[in-house]
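Trainee: Structure: coords.cif, mmCIF, C-alpha atoms and all ligand atoms.
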```cif
data_data
#
loop_
_atom_site.group_PDB
_atom_site.id
_atom_site.type_symbol
_atom_site.label_atom_id
_atom_site.label_comp_id
_atom_site.auth_asym_id
_atom_site.auth_seq_id
_atom_site.Cartn_x
_atom_site.Cartn_y
_atom_site.Cartn_z
ATOM 1 C CA MET A 1 154.240 -23.843 -121.759
ATOM 2 C CA ASP A 2 153.736 -21.738 -124.912
ATOM 3 C CA MET A 3 156.558 -21.018 -127.364
ATOM 4 C CA GLU A 4 157.400 -17.654 -125.767
ATOM 5 C CA GLN A 5 157.792 -19.274 -122.346
ATOM 6 C CA LEU A 6 159.882 -22.072 -123.875
ATOM 7 C CA VAL A 7 162.156 -19.527 -125.551
ATOM 8 C CA ASN A 8 162.574 -17.541 -122.325
ATOM 9 C CA LYS A 9 163.373 -20.671 -120.348
ATOM 10 C CA TYR A 10 165.572 -22.666 -122.723
ATOM 11 C CA TYR A 11 167.183 -20.250 -125.210
ATOM 12 C CA ARG A 12 170.151 -17.943 -124.663
ATOM 13 C CA LEU A 13 168.373 -14.739 -125.549
ATOM 14 C CA ASN A 14 171.653 -12.826 -125.805
ATOM 15 C CA HIS A 15 172.726 -15.186 -128.635
ATOM 16 C CA LEU A 16 169.609 -14.451 -130.716
ATOM 17 C CA PRO A 17 168.687 -13.674 -133.453
ATOM 18 C CA HIS A 18 170.060 -16.870 -134.960
ATOM 19 C CA MET A 19 172.186 -16.968 -138.118
ATOM 20 C CA TRP A 20 170.021 -19.382 -140.115
ATOM 21 C CA CYS A 21 168.682 -18.331 -143.540
ATOM 22 C CA PRO A 22 164.976 -17.596 -144.093
ATOM 23 C CA GLY A 23 163.186 -20.916 -144.689
ATOM 24 C CA CYS A 24 165.908 -23.003 -143.032
ATOM 25 C CA GLY A 25 164.490 -25.930 -141.042
ATOM 26 C CA ASN A 26 167.136 -25.852 -138.311
ATOM 27 C CA GLY A 27 164.999 -23.707 -135.995
ATOM 28 C CA ILE A 28 162.156 -26.243 -136.206
ATOM 29 C CA VAL A 29 164.418 -29.170 -135.280
ATOM 30 C CA THR A 30 165.812 -27.099 -132.410
ATOM 31 C CA SER A 31 162.379 -26.175 -131.064
ATOM 32 C CA ALA A 32 161.198 -29.800 -131.442
ATOM 33 C CA THR A 33 164.171 -30.780 -129.253
ATOM 34 C CA VAL A 34 163.387 -28.122 -126.649
ATOM 35 C CA LYS A 35 159.723 -29.195 -126.522
ATOM 36 C CA ALA A 36 160.824 -32.815 -125.989
ATOM 37 C CA ILE A 37 163.170 -31.776 -123.164
ATOM 38 C CA ASP A 38 160.396 -29.737 -121.564
ATOM 39 C CA LYS A 39 157.842 -32.531 -121.936
ATOM 40 C CA LEU A 40 160.206 -34.952 -120.190
ATOM 41 C CA GLY A 41 160.941 -32.383 -117.461
ATOM 42 C CA LEU A 42 164.722 -32.792 -117.801
ATOM 43 C CA GLU A 43 166.721 -30.554 -115.486
ATOM 44 C CA GLN A 44 168.663 -27.935 -117.437
ATOM 45 C CA ASP A 45 171.729 -28.430 -115.250
ATOM 46 C CA LYS A 46 171.630 -32.183 -115.849
ATOM 47 C CA THR A 47 171.331 -31.906 -119.614
ATOM 48 C CA THR A 48 174.316 -31.376 -121.881
ATOM 49 C CA ILE A 49 174.100 -30.574 -125.569
ATOM 50 C CA VAL A 50 177.071 -31.286 -127.808
ATOM 51 C CA SER A 51 177.423 -30.311 -131.434
ATOM 52 C CA GLY A 52 180.078 -30.448 -134.121
ATOM 53 C CA ILE A 53 180.501 -27.775 -136.789
ATOM 54 C CA GLY A 54 177.954 -26.779 -139.422
ATOM 55 C CA CYS A 55 174.831 -24.614 -139.667
ATOM 56 C CA SER A 56 172.885 -27.233 -137.699
ATOM 57 C CA SER A 57 175.636 -27.520 -135.106
ATOM 58 C CA ARG A 58 175.085 -23.857 -134.231
ATOM 59 C CA ALA A 59 171.952 -25.027 -132.387
ATOM 60 C CA SER A 60 173.926 -25.818 -129.223
ATOM 61 C CA GLY A 61 175.011 -22.174 -128.907
ATOM 62 C CA TYR A 62 171.427 -20.928 -128.856
ATOM 63 C CA LEU A 63 170.315 -23.237 -126.046
ATOM 64 C CA ASP A 64 170.693 -22.536 -122.341
ATOM 65 C CA PHE A 65 172.160 -25.820 -121.118
ATOM 66 C CA ASP A 66 175.736 -26.875 -120.544
ATOM 67 C CA THR A 67 176.776 -26.967 -124.185
ATOM 68 C CA VAL A 68 179.855 -27.843 -126.181
ATOM 69 C CA HIS A 69 180.291 -26.581 -129.752
ATOM 70 C CA SER A 70 183.139 -28.945 -130.596
ATOM 71 C CA ALA A 71 185.062 -29.697 -133.796
ATOM 72 C CA HIS A 72 183.735 -30.845 -137.177
ATOM 73 C CA GLY A 73 182.813 -34.532 -136.960
ATOM 74 C CA ARG A 74 183.794 -34.806 -133.314
ATOM 75 C CA ALA A 75 180.518 -34.186 -131.475
ATOM 76 C CA ILE A 76 180.079 -37.881 -130.684
ATOM 77 C CA PRO A 77 183.580 -38.385 -129.181
ATOM 78 C CA PHE A 78 183.113 -35.258 -127.013
ATOM 79 C CA ALA A 79 179.683 -36.532 -125.958
ATOM 80 C CA THR A 80 181.103 -39.991 -125.252
ATOM 81 C CA GLY A 81 183.711 -38.504 -122.920
ATOM 82 C CA ILE A 82 181.099 -36.424 -121.095
ATOM 83 C CA LYS A 83 178.736 -39.382 -120.688
ATOM 84 C CA LEU A 84 181.521 -41.660 -119.435
ATOM 85 C CA ALA A 85 182.698 -39.076 -116.896
ATOM 86 C CA SER A 86 179.162 -38.173 -115.756
ATOM 87 C CA PRO A 87 176.719 -40.952 -116.673
ATOM 88 C CA GLU A 88 173.942 -39.228 -114.724
ATOM 89 C CA LEU A 89 173.759 -36.457 -117.363
ATOM 90 C CA ASN A 90 171.350 -36.516 -120.291
ATOM 91 C CA VAL A 91 173.701 -36.076 -123.235
ATOM 92 C CA ILE A 92 172.177 -34.915 -126.504
ATOM 93 C CA VAL A 93 174.174 -34.556 -129.725
ATOM 94 C CA MET A 94 172.986 -32.103 -132.386
ATOM 95 C CA THR A 95 174.819 -32.811 -135.626
ATOM 96 C CA GLY A 96 174.587 -32.423 -139.399
ATOM 97 C CA ASP A 97 174.582 -35.078 -142.123
ATOM 98 C CA GLY A 98 178.147 -34.140 -143.067
ATOM 99 C CA ASP A 99 179.275 -33.858 -139.465
ATOM 100 C CA ALA A 100 177.838 -37.239 -138.446
ATOM 101 C CA THR A 101 178.325 -39.405 -141.523
ATOM 102 C CA ALA A 102 181.313 -38.018 -143.468
ATOM 103 C CA ILE A 103 184.171 -36.774 -141.261
ATOM 104 C CA GLY A 104 182.407 -38.156 -138.169
ATOM 105 C CA GLY A 105 181.163 -41.395 -139.719
ATOM 106 C CA ASN A 106 183.589 -43.606 -137.897
ATOM 107 C CA HIS A 107 182.636 -42.140 -134.517
ATOM 108 C CA PHE A 108 178.961 -42.515 -135.380
ATOM 109 C CA ILE A 109 179.083 -46.250 -136.104
ATOM 110 C CA HIS A 110 181.257 -47.047 -133.100
ATOM 111 C CA ALA A 111 179.058 -45.132 -130.650
ATOM 112 C CA ALA A 112 176.102 -47.117 -132.042
ATOM 113 C CA ARG A 113 178.083 -50.342 -131.713
ATOM 114 C CA ARG A 114 178.904 -49.613 -128.065
ATOM 115 C CA ASN A 115 175.277 -48.704 -127.328
ATOM 116 C CA ILE A 116 176.330 -45.741 -125.214
ATOM 117 C CA ASN A 117 173.357 -43.766 -123.914
ATOM 118 C CA LEU A 118 173.523 -40.731 -126.194
ATOM 119 C CA THR A 119 170.669 -39.157 -128.134
ATOM 120 C CA VAL A 120 171.880 -38.147 -131.578
ATOM 121 C CA ILE A 121 169.642 -35.711 -133.442
ATOM 122 C CA LEU A 122 170.943 -35.712 -136.992
ATOM 123 C CA PHE A 123 169.788 -32.669 -138.983
ATOM 124 C CA ASN A 124 169.601 -34.170 -142.467
ATOM 125 C CA ASN A 125 169.460 -31.338 -145.002
ATOM 126 C CA SER A 126 171.199 -33.574 -147.602
ATOM 127 C CA ILE A 127 174.129 -31.180 -148.049
ATOM 128 C CA TYR A 128 177.022 -29.320 -146.437
ATOM 129 C CA GLY A 129 175.053 -26.121 -145.793
ATOM 130 C CA MET A 130 177.638 -24.052 -143.980
ATOM 131 C CA THR A 131 180.455 -24.375 -146.492
ATOM 132 C CA GLY A 132 178.546 -23.747 -149.719
ATOM 133 C CA GLY A 133 176.614 -26.807 -150.808
ATOM 134 C CA GLN A 134 179.076 -29.688 -151.188
ATOM 135 C CA TYR A 135 177.442 -33.130 -151.309
ATOM 136 C CA SER A 136 177.460 -35.323 -148.209
ATOM 137 C CA PRO A 137 177.082 -39.099 -147.738
ATOM 138 C CA LEU A 138 173.322 -38.447 -147.375
ATOM 139 C CA THR A 139 172.850 -36.409 -150.577
ATOM 140 C CA PRO A 140 170.419 -38.271 -152.862
ATOM 141 C CA MET A 141 171.840 -39.687 -156.138
ATOM 142 C CA HIS A 142 171.846 -37.242 -159.062
ATOM 143 C CA SER A 143 171.325 -34.170 -156.846
ATOM 144 C CA LYS A 144 173.413 -31.173 -157.781
ATOM 145 C CA ALA A 145 176.054 -29.897 -155.394
ATOM 146 C CA SER A 146 178.931 -27.432 -155.687
ATOM 147 C CA THR A 147 181.195 -30.502 -155.806
ATOM 148 C CA ALA A 148 178.847 -32.293 -158.247
ATOM 149 C CA PRO A 149 177.678 -29.703 -160.792
ATOM 150 C CA TYR A 150 176.353 -32.470 -163.078
ATOM 151 C CA GLY A 151 174.725 -34.379 -160.203
ATOM 152 C CA THR A 152 176.298 -36.753 -157.699
ATOM 153 C CA ILE A 153 176.810 -40.337 -158.821
ATOM 154 C CA GLU A 154 177.491 -41.555 -155.266
ATOM 155 C CA ARG A 155 174.840 -43.715 -153.609
ATOM 156 C CA PRO A 156 173.826 -42.213 -150.263
ATOM 157 C CA PHE A 157 173.764 -44.063 -146.976
ATOM 158 C CA ASN A 158 170.365 -44.882 -145.566
ATOM 159 C CA VAL A 159 171.435 -43.538 -142.159
ATOM 160 C CA VAL A 160 168.631 -45.346 -140.349
ATOM 161 C CA GLU A 161 169.845 -48.700 -141.700
ATOM 162 C CA LEU A 162 173.461 -47.696 -141.056
ATOM 163 C CA ALA A 163 172.717 -46.987 -137.387
ATOM 164 C CA LYS A 164 170.689 -50.178 -137.022
ATOM 165 C CA GLY A 165 173.386 -52.267 -138.671
ATOM 166 C CA ALA A 166 176.025 -50.727 -136.422
ATOM 167 C CA GLY A 167 174.055 -51.682 -133.306
ATOM 168 C CA ALA A 168 171.920 -48.647 -132.373
ATOM 169 C CA THR A 169 169.092 -49.748 -130.096
ATOM 170 C CA PHE A 170 166.686 -46.919 -130.966
ATOM 171 C CA VAL A 171 166.261 -45.409 -134.406
ATOM 172 C CA ALA A 172 163.597 -42.966 -135.556
ATOM 173 C CA ARG A 173 162.944 -40.502 -138.336
ATOM 174 C CA GLY A 174 160.914 -37.308 -138.519
ATOM 175 C CA THR A 175 160.630 -34.173 -140.613
ATOM 176 C CA THR A 176 160.279 -30.472 -139.914
ATOM 177 C CA TYR A 177 156.862 -30.555 -141.635
ATOM 178 C CA HIS A 178 155.731 -33.123 -139.026
ATOM 179 C CA ALA A 179 157.143 -31.019 -136.178
ATOM 180 C CA GLN A 180 154.992 -32.460 -133.388
ATOM 181 C CA GLN A 181 155.767 -36.030 -134.439
ATOM 182 C CA LEU A 182 159.460 -35.086 -134.604
ATOM 183 C CA SER A 183 159.328 -33.772 -131.037
ATOM 184 C CA ASP A 184 157.559 -36.952 -129.889
ATOM 185 C CA VAL A 185 160.219 -39.252 -131.370
ATOM 186 C CA ILE A 186 162.980 -37.058 -129.917
ATOM 187 C CA ALA A 187 161.352 -37.445 -126.468
ATOM 188 C CA GLN A 188 161.265 -41.234 -126.928
ATOM 189 C CA ALA A 189 164.898 -41.212 -128.053
ATOM 190 C CA ILE A 190 165.976 -39.231 -124.979
ATOM 191 C CA SER A 191 164.061 -41.645 -122.719
ATOM 192 C CA HIS A 192 165.722 -44.664 -124.329
ATOM 193 C CA ASP A 193 168.580 -46.209 -122.316
ATOM 194 C CA GLY A 194 171.122 -46.757 -125.090
ATOM 195 C CA PHE A 195 172.340 -45.230 -128.333
ATOM 196 C CA ALA A 196 169.429 -43.450 -129.995
ATOM 197 C CA LEU A 197 169.367 -41.820 -133.414
ATOM 198 C CA VAL A 198 166.714 -39.449 -134.702
ATOM 199 C CA GLU A 199 167.116 -38.532 -138.355
ATOM 200 C CA ALA A 200 165.415 -35.140 -138.721
ATOM 201 C CA ILE A 201 164.734 -34.344 -142.374
ATOM 202 C CA THR A 202 165.137 -30.579 -142.687
ATOM 203 C CA ALA A 203 165.164 -28.057 -145.527
ATOM 204 C CA CYS A 204 168.228 -26.121 -146.654
ATOM 205 C CA PRO A 205 166.713 -23.862 -149.319
ATOM 206 C CA ILE A 206 170.054 -22.120 -149.896
ATOM 207 C CA GLY A 207 172.819 -24.764 -149.996
ATOM 208 C CA PHE A 208 170.655 -27.573 -151.429
ATOM 209 C CA GLY A 209 167.489 -25.904 -152.687
ATOM 210 C CA ARG A 210 169.025 -23.290 -154.997
ATOM 211 C CA GLN A 211 171.180 -25.797 -156.862
ATOM 212 C CA ASN A 212 168.359 -28.318 -157.134
ATOM 213 C CA LYS A 213 165.552 -25.874 -157.933
ATOM 214 C CA SER A 214 163.618 -27.100 -154.900
ATOM 215 C CA GLY A 215 161.923 -23.751 -154.253
ATOM 216 C CA ASP A 216 161.787 -21.980 -150.925
ATOM 217 C CA GLY A 217 161.608 -23.444 -147.425
ATOM 218 C CA ALA A 218 157.810 -23.792 -147.611
ATOM 219 C CA ASN A 219 158.070 -25.729 -150.904
ATOM 220 C CA MET A 220 160.701 -27.999 -149.407
ATOM 221 C CA MET A 221 158.432 -28.710 -146.439
ATOM 222 C CA LYS A 222 155.629 -29.517 -148.887
ATOM 223 C CA TRP A 223 157.991 -32.054 -150.431
ATOM 224 C CA GLN A 224 158.485 -33.595 -146.951
ATOM 225 C CA LYS A 225 154.706 -33.768 -146.481
ATOM 226 C CA GLU A 226 154.243 -35.497 -149.850
ATOM 227 C CA HIS A 227 157.068 -38.029 -149.472
ATOM 228 C CA ALA A 228 156.852 -39.085 -145.817
ATOM 229 C CA VAL A 229 154.623 -42.029 -144.881
ATOM 230 C CA THR A 230 154.012 -43.887 -141.640
ATOM 231 C CA ALA A 231 154.864 -47.590 -141.362
ATOM 232 C CA ALA A 232 151.117 -48.394 -141.508
ATOM 233 C CA GLN A 233 150.746 -46.410 -144.746
ATOM 234 C CA ALA A 234 153.886 -48.015 -146.180
ATOM 235 C CA ASP A 235 152.394 -51.482 -145.616
ATOM 236 C CA LYS A 236 149.600 -50.635 -148.054
ATOM 237 C CA LEU A 237 151.901 -49.293 -150.787
ATOM 238 C CA SER A 238 153.637 -51.276 -153.549
ATOM 239 C CA ASP A 239 157.434 -51.214 -153.925
ATOM 240 C CA GLU A 240 156.970 -48.880 -156.895
ATOM 241 C CA GLU A 241 154.807 -46.493 -154.883
ATOM 242 C CA MET A 242 157.368 -46.569 -152.062
ATOM 243 C CA ALA A 243 160.300 -45.826 -154.402
ATOM 244 C CA ASP A 244 160.301 -42.071 -153.742
ATOM 245 C CA LYS A 245 158.861 -42.240 -150.214
ATOM 246 C CA PHE A 246 160.436 -42.609 -146.783
ATOM 247 C CA ILE A 247 159.006 -43.853 -143.503
ATOM 248 C CA ILE A 248 158.729 -41.641 -140.432
ATOM 249 C CA GLY A 249 158.227 -42.715 -136.826
ATOM 250 C CA VAL A 250 160.104 -45.103 -134.540
ATOM 251 C CA LEU A 251 161.773 -47.558 -136.932
ATOM 252 C CA HIS A 252 163.758 -49.769 -134.594
ATOM 253 C CA ARG A 253 163.957 -50.483 -130.888
ATOM 254 C CA SER A 254 165.939 -53.275 -129.233
ATOM 255 C CA GLU A 255 167.556 -54.167 -125.914
ATOM 256 C CA ALA A 256 171.297 -54.417 -125.298
ATOM 257 C CA PRO A 257 173.633 -53.629 -122.373
ATOM 258 C CA GLU A 258 174.345 -49.894 -122.096
ATOM 259 C CA TYR A 259 178.025 -48.972 -122.286
ATOM 260 C CA THR A 260 178.490 -46.646 -119.282
ATOM 261 C CA LYS A 261 176.675 -49.112 -116.999
ATOM 262 C CA GLN A 262 178.955 -51.916 -118.155
ATOM 263 C CA TYR A 263 181.938 -49.625 -117.715
ATOM 264 C CA ASP A 264 181.002 -48.826 -114.108
ATOM 265 C CA GLU A 265 180.452 -52.524 -113.369
ATOM 266 C CA LEU A 266 183.878 -53.271 -114.823
ATOM 267 C CA ILE A 267 185.505 -50.653 -112.590
ATOM 268 C CA LEU A 268 183.776 -52.120 -109.502
ATOM 269 C CA SER A 269 184.810 -55.621 -110.462
ATOM 270 C CA ALA A 270 188.422 -54.516 -111.104
ATOM 271 C CA GLN A 271 188.476 -52.803 -107.694
ATOM 272 C CA LYS A 272 187.370 -56.106 -106.144
ATOM 273 C CA GLY A 273 190.221 -57.926 -107.831
ATOM 274 C CA GLY A 274 188.801 -58.544 -111.286
ATOM 275 C CA LYS A 275 186.282 -61.267 -110.394
HETATM 276 C C1 LIG B 301 188.263 -30.543 -139.757
HETATM 277 C C2 LIG B 301 187.347 -29.674 -140.544
HETATM 278 N N1 LIG B 301 187.121 -29.966 -141.837
HETATM 279 C C3 LIG B 301 186.266 -29.214 -142.568
HETATM 280 C C4 LIG B 301 185.650 -28.142 -141.994
HETATM 281 C C5 LIG B 301 184.744 -27.289 -142.817
HETATM 282 N N2 LIG B 301 183.353 -27.536 -142.575
HETATM 283 C C6 LIG B 301 182.666 -26.835 -141.651
HETATM 284 S S1 LIG B 301 181.038 -27.277 -141.583
HETATM 285 C C7 LIG B 301 181.275 -28.423 -142.811
HETATM 286 C C8 LIG B 301 180.123 -29.240 -143.340
HETATM 287 C C9 LIG B 301 178.852 -29.045 -142.643
HETATM 288 O O1 LIG B 301 177.858 -29.893 -143.174
HETATM 289 P P1 LIG B 301 176.808 -30.567 -142.206
HETATM 290 O O2 LIG B 301 177.472 -31.290 -141.118
HETATM 291 O O3 LIG B 301 175.874 -31.351 -143.051
HETATM 292 O O4 LIG B 301 176.092 -29.318 -141.522
HETATM 293 P P2 LIG B 301 175.109 -28.234 -142.154
HETATM 294 O O5 LIG B 301 175.922 -27.004 -142.345
HETATM 295 O O6 LIG B 301 174.565 -28.767 -143.434
HETATM 296 O O7 LIG B 301 174.048 -28.079 -141.120
HETATM 297 C C10 LIG B 301 182.595 -28.459 -143.240
HETATM 298 C C11 LIG B 301 183.100 -29.347 -144.311
HETATM 299 C C12 LIG B 301 185.905 -27.861 -140.645
HETATM 300 N N3 LIG B 301 185.292 -26.850 -139.994
HETATM 301 N N4 LIG B 301 186.747 -28.636 -139.944
HETATM 302 S S1 LIG B 302 172.833 -22.636 -145.662
HETATM 303 FE FE1 LIG B 302 171.098 -24.035 -145.486
HETATM 304 S S2 LIG B 302 171.378 -25.126 -143.507
HETATM 305 FE FE2 LIG B 302 172.682 -23.271 -143.507
HETATM 306 S S3 LIG B 302 171.429 -21.718 -142.509
HETATM 307 FE FE3 LIG B 302 171.144 -21.479 -144.727
HETATM 308 S S4 LIG B 302 169.323 -22.715 -145.208
HETATM 309 FE FE4 LIG B 302 170.042 -23.337 -143.161
HETATM 310 MG MG MG B 303 174.010 -30.793 -143.770
#
```
Here is the file; what I need is its structure written in the form of structure tokens.

Mentor:
Amino acid sequence: MDMEQLVNKYYRLNHLPHMWCPGCGNGIVTSATVKAIDKLGLEQDKTTIVSGIGCSSRASGYLDFDTVHSAHGRAIPFATGIKLASPELNVIVMTGDGDATAIGGNHFIHAARRNINLTVILFNNSIYGMTGGQYSPLTPMHSKASTAPYGTIERPFNVVELAKGAGATFVARGTTYHAQQLSDVIAQAISHDGFALVEAITACPIGFGRQNKSGDGANMMKWQKEHAVTAAQADKLSDEEMADKFIIGVLHRSEAPEYTKQYDELILSAQKGGK
């Protein structure tokens, strides 16, 4: 299917054009998600997309699935409820770095801990884009933000390590520059039976880029190209060479009981008298 056919099939044409700024990476993360869904042949009526609030969270409104545009930081609890009520659905969360790790941080770690079968696509633009460039828990040290005009002195989370430490059984990272690779890891995340995180590094040339003199969207994608390495490339680099680099690809995969399956077994066992 070419892009035009994908758009006709999976996008709500009456909601377009989108509201994202020129050079914003959100459209690339969204199309990488759609391509992954199409590649896997997921049924549109069996696929639910849940988002919180933010520029990135507007993605759910543009997509022709059952979608919920919920409250800031609450995409994961809404998705958890949907998955528990209807475990047969593919439930995909589209969320921002602020949405998932600041106001929604608690929900994020506990969904990972439970290993509930959700796919969380975290649009990491390193900033609160929608509200005017405040720093988030994923903003790199010393970056400028409207709430840190002299540069933030807070150490960011490494969200991949955070998810792993909290119990996520699938963790991957991609960038909008490596759009095909991003779509591939999203497809693997959706196929995974457990909590799956994909950190999608995406450019916000307005909320982040202007304050940090990062240039336009194309320049910010060039930065992604120059700083992303595969695990195989990372193995050949010294710690010093790796200092300003990050690894893309599938970074962690493990096995653990999935929450909704355990929940259903518990209900059956309770109905039989709790044995
Ligand atoms: C309870 C609540 N608090 C604050 C806000 C304001 N608000 C809306 S979006 C947002 C941050 C969005 O940042 P992020 O999740 O990174 O998404 P982005 O816009 O960068 O894609 C905030 C603070 C809100 N809508 N609701
Ligand atoms: S403010 Fe940033 S994240 Fe929001 S639409 Fe504009 S470029 Fe994209
Ligand atoms: Mg953001």

Trainee: Can you translate the PyMOL selection byres (((chain A and resi 166) around 8) and not hetatm) into the concrete residues it hits in this file, as a ChimeraX atom specification?

Mentor: /A:109-110,112-113,162-165,167-168

Trainee: Can you list, as a PyMOL selection string, the residues that the PyMOL selection byres (((not hetatm)) within 9 of (chain B and resi 301)) selects here?

Mentor: chain A and resi 26+52-58+71-74+95-104+122-136+138+204+207-208

Trainee: From the list A:Pro140, A:Gly25, A:Gly194, A:Gly249, which residue is nearest Gly174 in chain A when using only C-alpha atoms?

Mentor: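 Of A:Pro140, A:Gly25, A:Gly194, A:Gly249, the one nearest Gly174 in chain A, counting only C-alpha atoms, is A:Gly249.
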
Trainee: Taking the file as shown, find all residues satisfying the PyMOL selection byres (((chain A and resi 258) around 7) and not hetatm) and write them as a list of chain:residue names.

Mentor: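 Listing what the PyMOL selection byres (((chain A and resi 258) around 7) and not hetatm) selects in the shown file: A:Asn115, A:Ile116, A:Asn117, A:Asp193, A:Gly194, A:Ala256, A:Pro257, A:Tyr259, A:Thr260, A:Lys261, A:Gln262.
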
Trainee: Would you mind exporting the chosen residues as a PDB file, in the frame of the given file, restricted to C-alpha atoms?

Mentor:
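Written file, part_20.pdb:
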```pdb
ATOM      1  CA  ASN A 115     175.277 -48.704-127.328  1.00  0.00           C
ATOM      2  CA  ILE A 116     176.330 -45.741-125.214  1.00  0.00           C
ATOM      3  CA  ASN A 117     173.357 -43.766-123.914  1.00  0.00           C
ATOM      4  CA  ASP A 193     168.580 -46.209-122.316  1.00  0.00           C
ATOM      5  CA  GLY A 194     171.122 -46.757-125.090  1.00  0.00           C
ATOM      6  CA  ALA A 256     171.297 -54.417-125.298  1.00  0.00           C
ATOM      7  CA  PRO A 257     173.633 -53.629-122.373  1.00  0.00           C
ATOM      8  CA  TYR A 259     178.025 -48.972-122.286  1.00  0.00           C
ATOM      9  CA  THR A 260     178.490 -46.646-119.282  1.00  0.00           C
ATOM     10  CA  LYS A 261     176.675 -49.112-116.999  1.00  0.00           C
ATOM     11  CA  GLN A 262     178.955 -51.916-118.155  1.00  0.00           C
TER      12      GLN A 262
END
```

Trainee: If we count all atoms listed in the file and set the cut-off at 6 Å, which residues sit around Thr169 in chain A, ignoring sequence neighbours fewer than 3 positions away in its own chain? Please answer as JSON, numbers by chain.

Mentor: {"A": [195, 253, 254]}

Trainee: Near Thr152 in chain A, within 9 Å and counting only C-alpha atoms, which residues show up once chain neighbours fewer than 3 positions away are dropped, as a list in words?

Mentor: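 Near Thr152 in chain A, the qualifying residues are Tyr135, Thr139, Pro140, Met141, His142, Ser143, Lys144, Ala145, Thr147, Ala148, Pro149 and Arg155 of chain A.
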
Trainee: Measuring between all atoms listed in the file, which one of A:Trp20, A:Tyr11, A:Phe246, A:Phe108 shows the shortest distance to ligand LIG 302 (chain B)?

Mentor: A:Trp20

Trainee: Quote the spacing between CA of Ser31 in chain A and CA of Ala179 in chain A in Å to one decimal place.

Mentor: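 Straight-line distance from CA of Ser31 in chain A to CA of Ala179 in chain A works out to 8.8 Å.
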
Trainee: Taking (160.9, -29.0, -143.6) in the coordinates of the supplied file, I want to know which residues reach to within 12 Å of it, counting only C-alpha atoms; could you give the answer as a PyMOL selection string?

Mentor: chain A and resi 23-29+123-126+174-179+182+200-205+209+214-228

Trainee: Just how far from CA of Val34 in chain A is atom FE1 of ligand LIG 302 (chain B), in Å to one decimal?

Mentor: 20.8 Å

Trainee: Check the smallest atom-to-atom distance from each of A:Glu241, A:Glu4, A:Asp66, A:Glu199 to ligand MG 303 (chain B) using only C-alpha atoms and all ligand atoms, then report the winner.

Mentor: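 That would be A:Glu199, the residue with the smallest distance to ligand MG 303 (chain B).
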
Trainee: In Å to one decimal, how far is CA of Ala36 in chain A from CA of Leu251 in chain A?

Mentor: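 These atoms are spaced 18.4 Å apart.
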